[in-house]
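Have a look at the structure below before the remarks.
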Amino acid sequence: MAVDFSNDPTARGFFAPTRFEADVFDCEVSGKIPTDIDGAFYRVGGEWLYPPKFKDDSVFNTEGFVCSFRIKDGNCDFKSRFVRTPRYLAERRARKQLFGYYRQPAADDPSVKSIKDRTVANTNMLAHGGRLFALKEDALPYELDPNTLETKGPYNFKGKYKSPTFTAHPKIDDQTGEMITWGYEATGPASNDIFFYWIDKRGNVTREVRFKAPYVSMVHDIAISQKHIIIPVYGMVTSPERLKEGKIHWGWDPSVPTYYGVMPRDGGAKDLRWFKGPERACVHTFNAVDHPDGKLVMEAAISDSNPFPFFPDVHGKPFDGAKARTTARRLTFDMNSKDDGFTEELLFQDAPGALCRIDDRFLGRDYRYGFMSYADAGRPFDEKRGGNLRGRVSNCIGQYDFRANKLKSFFVGDTHSLNECCFVPRGKSNGEEGDGYLVAVASNYGEMRSEFVIVDAKTMEEAARVKLPFRVSMQVHGIWASADQLPLAEPV
């Protein structure tokens, strides 16, 4: 059967599947790439290899597709590869789509019922212990070669990591190299069990803590301070009944409260404390800090309700775009109080964005700056060349100064949108927070190609732009890995 995407409503224009892997040696560059950058930016997202079975399926069900921008001596080489998961390989052999809804095997083709690992490894990247991984929170990490992007296979940390799932947002303490990570639905689909792990800088599991969440939820991200771990649980829910009925894995339930579990970093399940609040979605976090007065403060990107239109309301209510709007907010937990409440403060309401980042050297420590791609509806947008996207795309990178409550911005262009940004420390940095660069892949709708933008994180001025001769796939998340973190070969 010939491949036909005509019935896929998402396969249009800039976001139509490209379905090819590429190598571009010595990419075209405008401006000048700083010579103190030596490493690689790895990004992962989704690409439909074959059309989805269902028009209303989640875009998160696309095959994992990894890109690398290797930078050294002011030059950039590009590479992209599909992650060779069992699912991807089965589809290649069959030359058709074999899998049903996102994280829902009920409608899978009978020929793949024996494949238990249905992951697409398309959500985030991880560099730790000298290894590179592609992550999706329904399975173990998939290890990749950091130079060729060849898939090596799933990795279980020498058999000591017991959860069948692994988060897309592990936290690495820059001071020690220790990673704090977790898996939810850890005893099977629709279970509310969460397993937490501490893994040292060499990749050895040193500790495990198991507990149950108040209900089954998408625990996509956490925040860590020097003393605590904050675990958001919100209304993105599932259940055994939902899965038996063949529905897409997640649905939104506005009736359940939002919980934030707070656990000491050196504590266990018995020390876990749950704070309770109204309907919210805290999908991504900036950072958390312990204060001397006993207050625990976290900044995060939070929406009032369901941020994902492809995960329907469990009560049948229509998607509310206004409540889906995600903005930076500050939550304060009083650890000296016996009250289970907390305070919420809205920040930078005119700069909405969802994919928040910091200078990762300050993770869990006192910090000042957050960085996020955001939508500025007041900026010019060329609707003739860029399409009718005004106010609906991230067209700026923001430097959010949480101390001074000030926003400094970089505007990418009037025919462009931005993927998630990522911080890159300056090669000769003295360790000062924010001393480095912000990198992000931009979609150029006018010229139908992708561009890798490098911005000075202090001045928020563009340093260089790498111009690819084609479009690259949708990105979910990305990371920067220096040549000190991974065994990166010399570009040839």
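Note on naming: chains are A, B, ... as they come in the structure tokens, residues start from 1 per chain, ligands start from 1 in the order shown.
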
Report as a tab-separated table: every residue of stretch 89-192 of chain A with an atom at most 7 Å from stretch 472-484 of chain A, its closest pair of atoms, and their distance in Å to one decimal, counting only C-alpha atoms, with rows sorted by chain and ascending residue number.
residue	atom	partner	partner_atom	distance
A:Thr123	CA	A:Val476	CA	5.5
A:Asn124	CA	A:His477	CA	4.9
A:Met125	CA	A:Gly478	CA	6.0
A:Ala127	CA	A:Ala481	CA	6.6

With C-alpha atoms retained, could you export that selection as an mmCIF file, in the first residue's frame?
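Now in selection.cif:
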data_model
loop_
_atom_site.group_PDB
_atom_site.id
_atom_site.type_symbol
_atom_site.label_atom_id
_atom_site.label_comp_id
_atom_site.auth_asym_id
_atom_site.auth_seq_id
_atom_site.Cartn_x
_atom_site.Cartn_y
_atom_site.Cartn_z
ATOM 1 C CA THR A 123 10.439 13.570 24.405
ATOM 2 C CA ASN A 124 13.837 14.600 25.772
ATOM 3 C CA MET A 125 17.558 13.899 25.678
ATOM 4 C CA ALA A 127 23.680 13.187 28.882
#

Quiz item: Which neighbours of stretch 75-77 of chain A fall inside 10 Å, counting only C-alpha atoms, when residues of the same chain fewer than 4 positions from it are skipped, and could you give them as a list in words?
Solution: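 Counting only C-alpha atoms, the residues come to Asp23, Val24, Phe25, Asp26, Cys27, Glu28, Val29, Lys32, Ile33, Pro34, Thr35, Ile37, Asp38, Gly39, Ala40, Ser68, Phe69, Arg70, Ile71, Phe452, Val466, Pro491 and Val492 of chain A.
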
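Among the candidate residues A:Leu363, A:Ala106, A:Leu438, A:Leu418, the one lying nearest to A:Glu178 is A:Leu363, with distances computed using only C-alpha atoms.
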
Exercise. Name the closest residue to A:Val216 among the candidates A:Gly378, A:Gly251, A:Pro86, A:Gly398; distances are taken between atoms, counting only C-alpha atoms.
Key: A:Gly251

Self-check item: Test item: residues at most 6 Å from stretch 303-308 of chain A, only C-alpha atoms, excluding those fewer than 4 positions along its chain, as a PyMOL selection string
Solution: chain A and resi 280-281+323-326

Output N, CA and C atoms for every residue in the selection just made, as a tab-separated table (two decimals), in the first residue's frame.
chain	number	residue	atom	x	y	z
A	280	ARG	N	-4.99	23.08	38.19
A	280	ARG	CA	-3.84	23.67	37.51
A	280	ARG	C	-3.14	22.58	36.71
A	281	ALA	N	-2.24	22.99	35.81
A	281	ALA	CA	-1.34	22.05	35.15
A	281	ALA	C	0.07	22.61	35.27
A	323	LYS	N	-7.80	29.10	29.25
A	323	LYS	CA	-7.28	28.47	30.46
A	323	LYS	C	-6.04	27.63	30.18
A	324	ALA	N	-5.80	27.30	28.92
A	324	ALA	CA	-4.60	26.55	28.55
A	324	ALA	C	-3.36	27.44	28.50
A	325	ARG	N	-3.56	28.74	28.48
A	325	ARG	CA	-2.45	29.70	28.39
A	325	ARG	C	-1.51	29.51	29.58
A	326	THR	N	-0.25	29.27	29.29
A	326	THR	CA	0.73	28.93	30.32
A	326	THR	C	1.67	30.10	30.56

Practice problem: Would you mind reading off the distance between atom CA of A:Thr85 and atom CA of A:Pro146, one decimal, in Å? | Solution: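 Calculated distance between atom CA of A:Thr85 and atom CA of A:Pro146 is 16.8 Å.
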
Quiz item: From the set A:Pro318, A:Gly261, A:Pro352, A:Pro154, which residue has the shortest atom-to-atom contact distance to A:Lys276, counting only C-alpha atoms?
Solution: A:Gly261

Quiz prompt | A:Tyr215 surroundings by only C-alpha atoms, 9 Å radius, close-in-sequence under 3 positions cut, as a VMD selection string | solution = chain A and resid 191 to 192 212 233 to 234 237

What would the file look like if the residues just selected were written as a compact mmCIF listing (two decimals), in the first residue's frame with C-alpha atoms?
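Generated file (part17.txt):
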# COMPACT_ATOMS: atom_id res chain seq x y z
CA SER A 191 -1.01 2.47 38.57
CA ASN A 192 -0.32 5.40 40.92
CA LYS A 212 1.93 6.22 45.79
CA VAL A 233 0.46 15.93 40.45
CA TYR A 234 -2.39 17.46 38.42
CA VAL A 237 -5.36 11.39 34.52

Exercise. Would you list, as a ChimeraX atom specification, the residues of stretch 162-287 of chain A that end up in strand (DSSP E) under DSSP run on this structure's backbone?
Key: /A:171-172,179-184,193-199,205-212,223-224,228-233,236-237,251-252,258-264,273-277,281-287

Keeping only N, CA and C atoms, write the selected residues as a compact mmCIF listing (two decimals), in the first residue's frame.
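Printed below is out.txt as written:
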# COMPACT_ATOMS: atom_id res chain seq x y z
N LYS A 171 16.77 15.24 36.96
CA LYS A 171 17.49 16.41 37.43
C LYS A 171 18.91 16.02 37.82
N ILE A 172 19.89 16.78 37.34
CA ILE A 172 21.29 16.50 37.62
C ILE A 172 21.89 17.66 38.41
N MET A 179 22.28 12.34 39.76
CA MET A 179 21.01 12.48 39.07
C MET A 179 19.88 11.98 39.97
N ILE A 180 18.82 12.78 40.06
CA ILE A 180 17.59 12.36 40.72
C ILE A 180 16.55 12.12 39.64
N THR A 181 16.02 10.92 39.58
CA THR A 181 15.10 10.57 38.50
C THR A 181 13.99 9.69 39.04
N TRP A 182 13.02 9.38 38.22
CA TRP A 182 11.85 8.63 38.68
C TRP A 182 11.11 8.01 37.50
N GLY A 183 10.25 7.08 37.84
CA GLY A 183 9.31 6.51 36.89
C GLY A 183 7.94 6.49 37.52
N TYR A 184 6.91 6.96 36.80
CA TYR A 184 5.54 6.86 37.31
C TYR A 184 4.82 5.74 36.56
N ASP A 193 1.75 4.23 41.38
CA ASP A 193 3.04 4.02 42.03
C ASP A 193 4.13 4.83 41.34
N ILE A 194 4.96 5.47 42.15
CA ILE A 194 6.11 6.23 41.65
C ILE A 194 7.36 5.71 42.34
N PHE A 195 8.41 5.40 41.54
CA PHE A 195 9.70 4.98 42.07
C PHE A 195 10.71 6.09 41.81
N PHE A 196 11.38 6.56 42.86
CA PHE A 196 12.43 7.57 42.73
C PHE A 196 13.79 6.91 42.89
N TYR A 197 14.78 7.44 42.14
CA TYR A 197 16.14 6.89 42.18
C TYR A 197 17.17 8.01 42.26
N TRP A 198 18.26 7.72 42.97
CA TRP A 198 19.43 8.57 43.03
C TRP A 198 20.55 7.82 42.32
N ILE A 199 21.14 8.44 41.30
CA ILE A 199 22.16 7.79 40.47
C ILE A 199 23.41 8.67 40.46
N VAL A 205 23.19 3.32 40.48
CA VAL A 205 22.03 3.59 41.33
C VAL A 205 22.47 3.46 42.79
N THR A 206 22.23 4.49 43.59
CA THR A 206 22.65 4.48 44.99
C THR A 206 21.49 4.39 45.97
N ARG A 207 20.27 4.75 45.51
CA ARG A 207 19.14 4.73 46.43
C ARG A 207 17.84 4.66 45.66
N GLU A 208 16.82 4.06 46.29
CA GLU A 208 15.48 3.98 45.71
C GLU A 208 14.45 4.31 46.78
N VAL A 209 13.42 5.08 46.39
CA VAL A 209 12.29 5.37 47.27
C VAL A 209 11.01 5.10 46.47
N ARG A 210 10.06 4.36 47.07
CA ARG A 210 8.79 4.05 46.42
C ARG A 210 7.64 4.64 47.22
N PHE A 211 6.64 5.19 46.50
CA PHE A 211 5.45 5.71 47.16
C PHE A 211 4.30 5.78 46.15
N LYS A 212 3.11 6.09 46.63
CA LYS A 212 1.93 6.22 45.79
C LYS A 212 1.51 7.69 45.72
N ALA A 223 10.85 19.66 40.56
CA ALA A 223 11.87 20.67 40.85
C ALA A 223 12.65 20.19 42.07
N ILE A 224 13.93 20.54 42.12
CA ILE A 224 14.73 20.21 43.30
C ILE A 224 15.38 21.48 43.83
N HIS A 228 15.11 19.79 49.16
CA HIS A 228 13.81 19.19 48.88
C HIS A 228 13.62 18.79 47.42
N ILE A 229 12.64 17.94 47.21
CA ILE A 229 12.13 17.58 45.89
C ILE A 229 10.66 17.94 45.85
N ILE A 230 10.22 18.66 44.80
CA ILE A 230 8.82 19.04 44.64
C ILE A 230 8.24 18.25 43.47
N ILE A 231 7.13 17.55 43.72
CA ILE A 231 6.56 16.61 42.75
C ILE A 231 5.14 17.06 42.40
N PRO A 232 4.91 17.68 41.22
CA PRO A 232 3.56 18.12 40.85
C PRO A 232 2.70 16.95 40.37
N VAL A 233 1.47 16.89 40.88
CA VAL A 233 0.46 15.93 40.45
C VAL A 233 -0.79 16.73 40.11
N MET A 236 -4.17 15.64 34.69
CA MET A 236 -3.99 14.78 33.52
C MET A 236 -4.01 13.34 34.03
N VAL A 237 -5.11 12.65 33.83
CA VAL A 237 -5.36 11.39 34.52
C VAL A 237 -5.62 10.24 33.54
N GLY A 251 -6.58 11.78 29.82
CA GLY A 251 -7.71 12.69 29.72
C GLY A 251 -7.58 13.73 30.82
N TRP A 252 -8.29 14.86 30.67
CA TRP A 252 -8.20 15.93 31.65
C TRP A 252 -9.42 15.91 32.57
N THR A 258 -5.08 19.84 42.54
CA THR A 258 -3.66 19.73 42.22
C THR A 258 -2.90 19.47 43.52
N TYR A 259 -1.95 18.57 43.45
CA TYR A 259 -1.11 18.27 44.61
C TYR A 259 0.35 18.55 44.28
N TYR A 260 1.10 18.99 45.28
CA TYR A 260 2.55 19.10 45.18
C TYR A 260 3.15 18.29 46.33
N GLY A 261 3.78 17.19 46.00
CA GLY A 261 4.46 16.41 47.02
C GLY A 261 5.83 17.00 47.30
N VAL A 262 6.15 17.19 48.57
CA VAL A 262 7.46 17.71 48.95
C VAL A 262 8.16 16.65 49.80
N MET A 263 9.32 16.21 49.34
CA MET A 263 10.08 15.18 50.03
C MET A 263 11.52 15.65 50.24
N PRO A 264 12.07 15.48 51.43
CA PRO A 264 13.49 15.83 51.63
C PRO A 264 14.38 15.03 50.67
N ARG A 273 5.29 14.92 52.07
CA ARG A 273 4.18 15.77 52.51
C ARG A 273 3.47 16.32 51.28
N TRP A 274 2.14 16.25 51.25
CA TRP A 274 1.37 16.70 50.10
C TRP A 274 0.70 18.04 50.39
N PHE A 275 0.95 19.02 49.51
CA PHE A 275 0.27 20.30 49.55
C PHE A 275 -0.83 20.29 48.48
N LYS A 276 -1.96 20.92 48.77
CA LYS A 276 -3.15 20.78 47.94
C LYS A 276 -3.63 22.14 47.44
N GLY A 277 -4.02 22.19 46.14
CA GLY A 277 -4.49 23.44 45.55
C GLY A 277 -5.55 23.21 44.50
N ALA A 281 -2.24 22.99 35.81
CA ALA A 281 -1.34 22.05 35.15
C ALA A 281 0.07 22.61 35.27
N CYS A 282 0.90 21.94 36.06
CA CYS A 282 2.31 22.33 36.22
C CYS A 282 3.14 21.31 35.49
N VAL A 283 3.30 21.51 34.18
CA VAL A 283 3.97 20.52 33.34
C VAL A 283 5.49 20.68 33.38
N HIS A 284 5.99 21.92 33.45
CA HIS A 284 7.43 22.16 33.46
C HIS A 284 7.81 23.17 34.54
N THR A 285 9.00 23.00 35.10
CA THR A 285 9.47 23.85 36.18
C THR A 285 10.76 24.57 35.79
N PHE A 286 10.99 25.75 36.39
CA PHE A 286 12.26 26.44 36.28
C PHE A 286 13.23 25.88 37.33
N ASN A 287 12.92 26.16 38.62
CA ASN A 287 13.87 25.82 39.68
C ASN A 287 13.18 25.98 41.03

Practice problem: Select, from A:Gly203, A:Phe78, A:Ser111, A:Gly370, the residue with the minimum atom-to-atom distance to A:His128, counting only C-alpha atoms. | Solution: A:Gly203

Self-check item: stretch 56-63 of chain A environment, 7 Å, only C-alpha atoms, sequence neighbours closer than 4 positions dropped, as JSON, numbers by chain
Solution: {"A": [46, 47, 48, 49, 88, 101, 102, 120, 122, 310]}

C-alpha atoms of the current selection, written as a PDB file, in the first residue's frame:
ATOM      1  CA  GLY A  46       8.395  13.341  16.576  1.00  0.00           C
ATOM      2  CA  GLU A  47       8.033  12.480  12.933  1.00  0.00           C
ATOM      3  CA  TRP A  48       5.266  10.280  11.556  1.00  0.00           C
ATOM      4  CA  LEU A  49       6.940   7.456   9.669  1.00  0.00           C
ATOM      5  CA  TYR A  88      10.008   1.791  14.478  1.00  0.00           C
ATOM      6  CA  TYR A 101      -3.484   5.573  20.073  1.00  0.00           C
ATOM      7  CA  TYR A 102      -0.759   7.172  22.163  1.00  0.00           C
ATOM      8  CA  VAL A 120       8.823   6.113  20.549  1.00  0.00           C
ATOM      9  CA  ASN A 122      10.640  11.216  21.389  1.00  0.00           C
ATOM     10  CA  PHE A 310      -5.414  16.275  22.010  1.00  0.00           C
TER      11      PHE A 310
END

Practice problem: Return as a VMD selection string the full set of residues in stretch 144-356 of chain A whose backbone-based DSSP assignment is alpha helix (DSSP H). | Solution: chain A and resid 240 to 244 321 to 324

Could you save the residues just selected, with C-alpha atoms, as a short mmCIF file (atom, residue, chain, number, x, y, z; two decimals), in the first residue's frame?
data_model
loop_
_atom_site.label_atom_id
_atom_site.label_comp_id
_atom_site.auth_asym_id
_atom_site.auth_seq_id
_atom_site.Cartn_x
_atom_site.Cartn_y
_atom_site.Cartn_z
CA PRO A 240 -7.74 0.92 34.02
CA GLU A 241 -11.31 1.49 32.80
CA ARG A 242 -10.19 4.18 30.37
CA LEU A 243 -7.53 1.90 28.90
CA LYS A 244 -9.92 -1.06 28.65
CA GLY A 321 -7.75 27.85 25.01
CA ALA A 322 -7.78 30.75 27.47
CA LYS A 323 -7.28 28.47 30.46
CA ALA A 324 -4.60 26.55 28.55
#

Practice problem: Kindly give the distance, in Å, that separates atom CA of A:Gly353 and atom CA of A:Thr327, rounded to a single decimal. | Solution: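 Taking atom CA of A:Gly353 and atom CA of A:Thr327, their separation equals 5.7 Å.
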
Practice problem: Find, counting only C-alpha atoms, the residue in A:Asp271, A:Asp293, A:Asp360, A:Glu447 that gets nearest to A:Asn336. | Solution: A:Asp293

Quiz item: For A:Lys116, which of A:Asp138, A:Phe133, A:Ala11, A:Phe423 is the closest residue, counting only C-alpha atoms?
Solution: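 Looking at the shortest contact to A:Lys116, the residue is A:Asp138.
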
Quiz prompt | Test item: residues at most 12 Å from A:Gly431, only C-alpha atoms, excluding those fewer than 3 positions along its chain, as a list in words | solution = Asp174, Gln175, Asp359, Asp360, Arg361, Phe362, Val424, Pro425, Arg426, Gly427, Lys428, Gly434, Asp435 and Gly436 of chain A

Quiz prompt | Test item: residues at most 6 Å from A:Ala328, only C-alpha atoms, excluding those fewer than 4 positions along its chain, as a list in words | solution =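 Final neighbour list, sorted by chain and number: Ala300, Ala301 and Leu347 of chain A.
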
Would you mind exporting the chosen residues as a short mmCIF file (atom, residue, chain, number, x, y, z; two decimals), in the first residue's frame, restricted to C-alpha atoms?
data_model
loop_
_atom_site.label_atom_id
_atom_site.label_comp_id
_atom_site.auth_asym_id
_atom_site.auth_seq_id
_atom_site.Cartn_x
_atom_site.Cartn_y
_atom_site.Cartn_z
CA ALA A 300 7.33 27.07 37.06
CA ALA A 301 5.28 27.36 33.86
CA LEU A 347 4.70 36.54 36.87
#
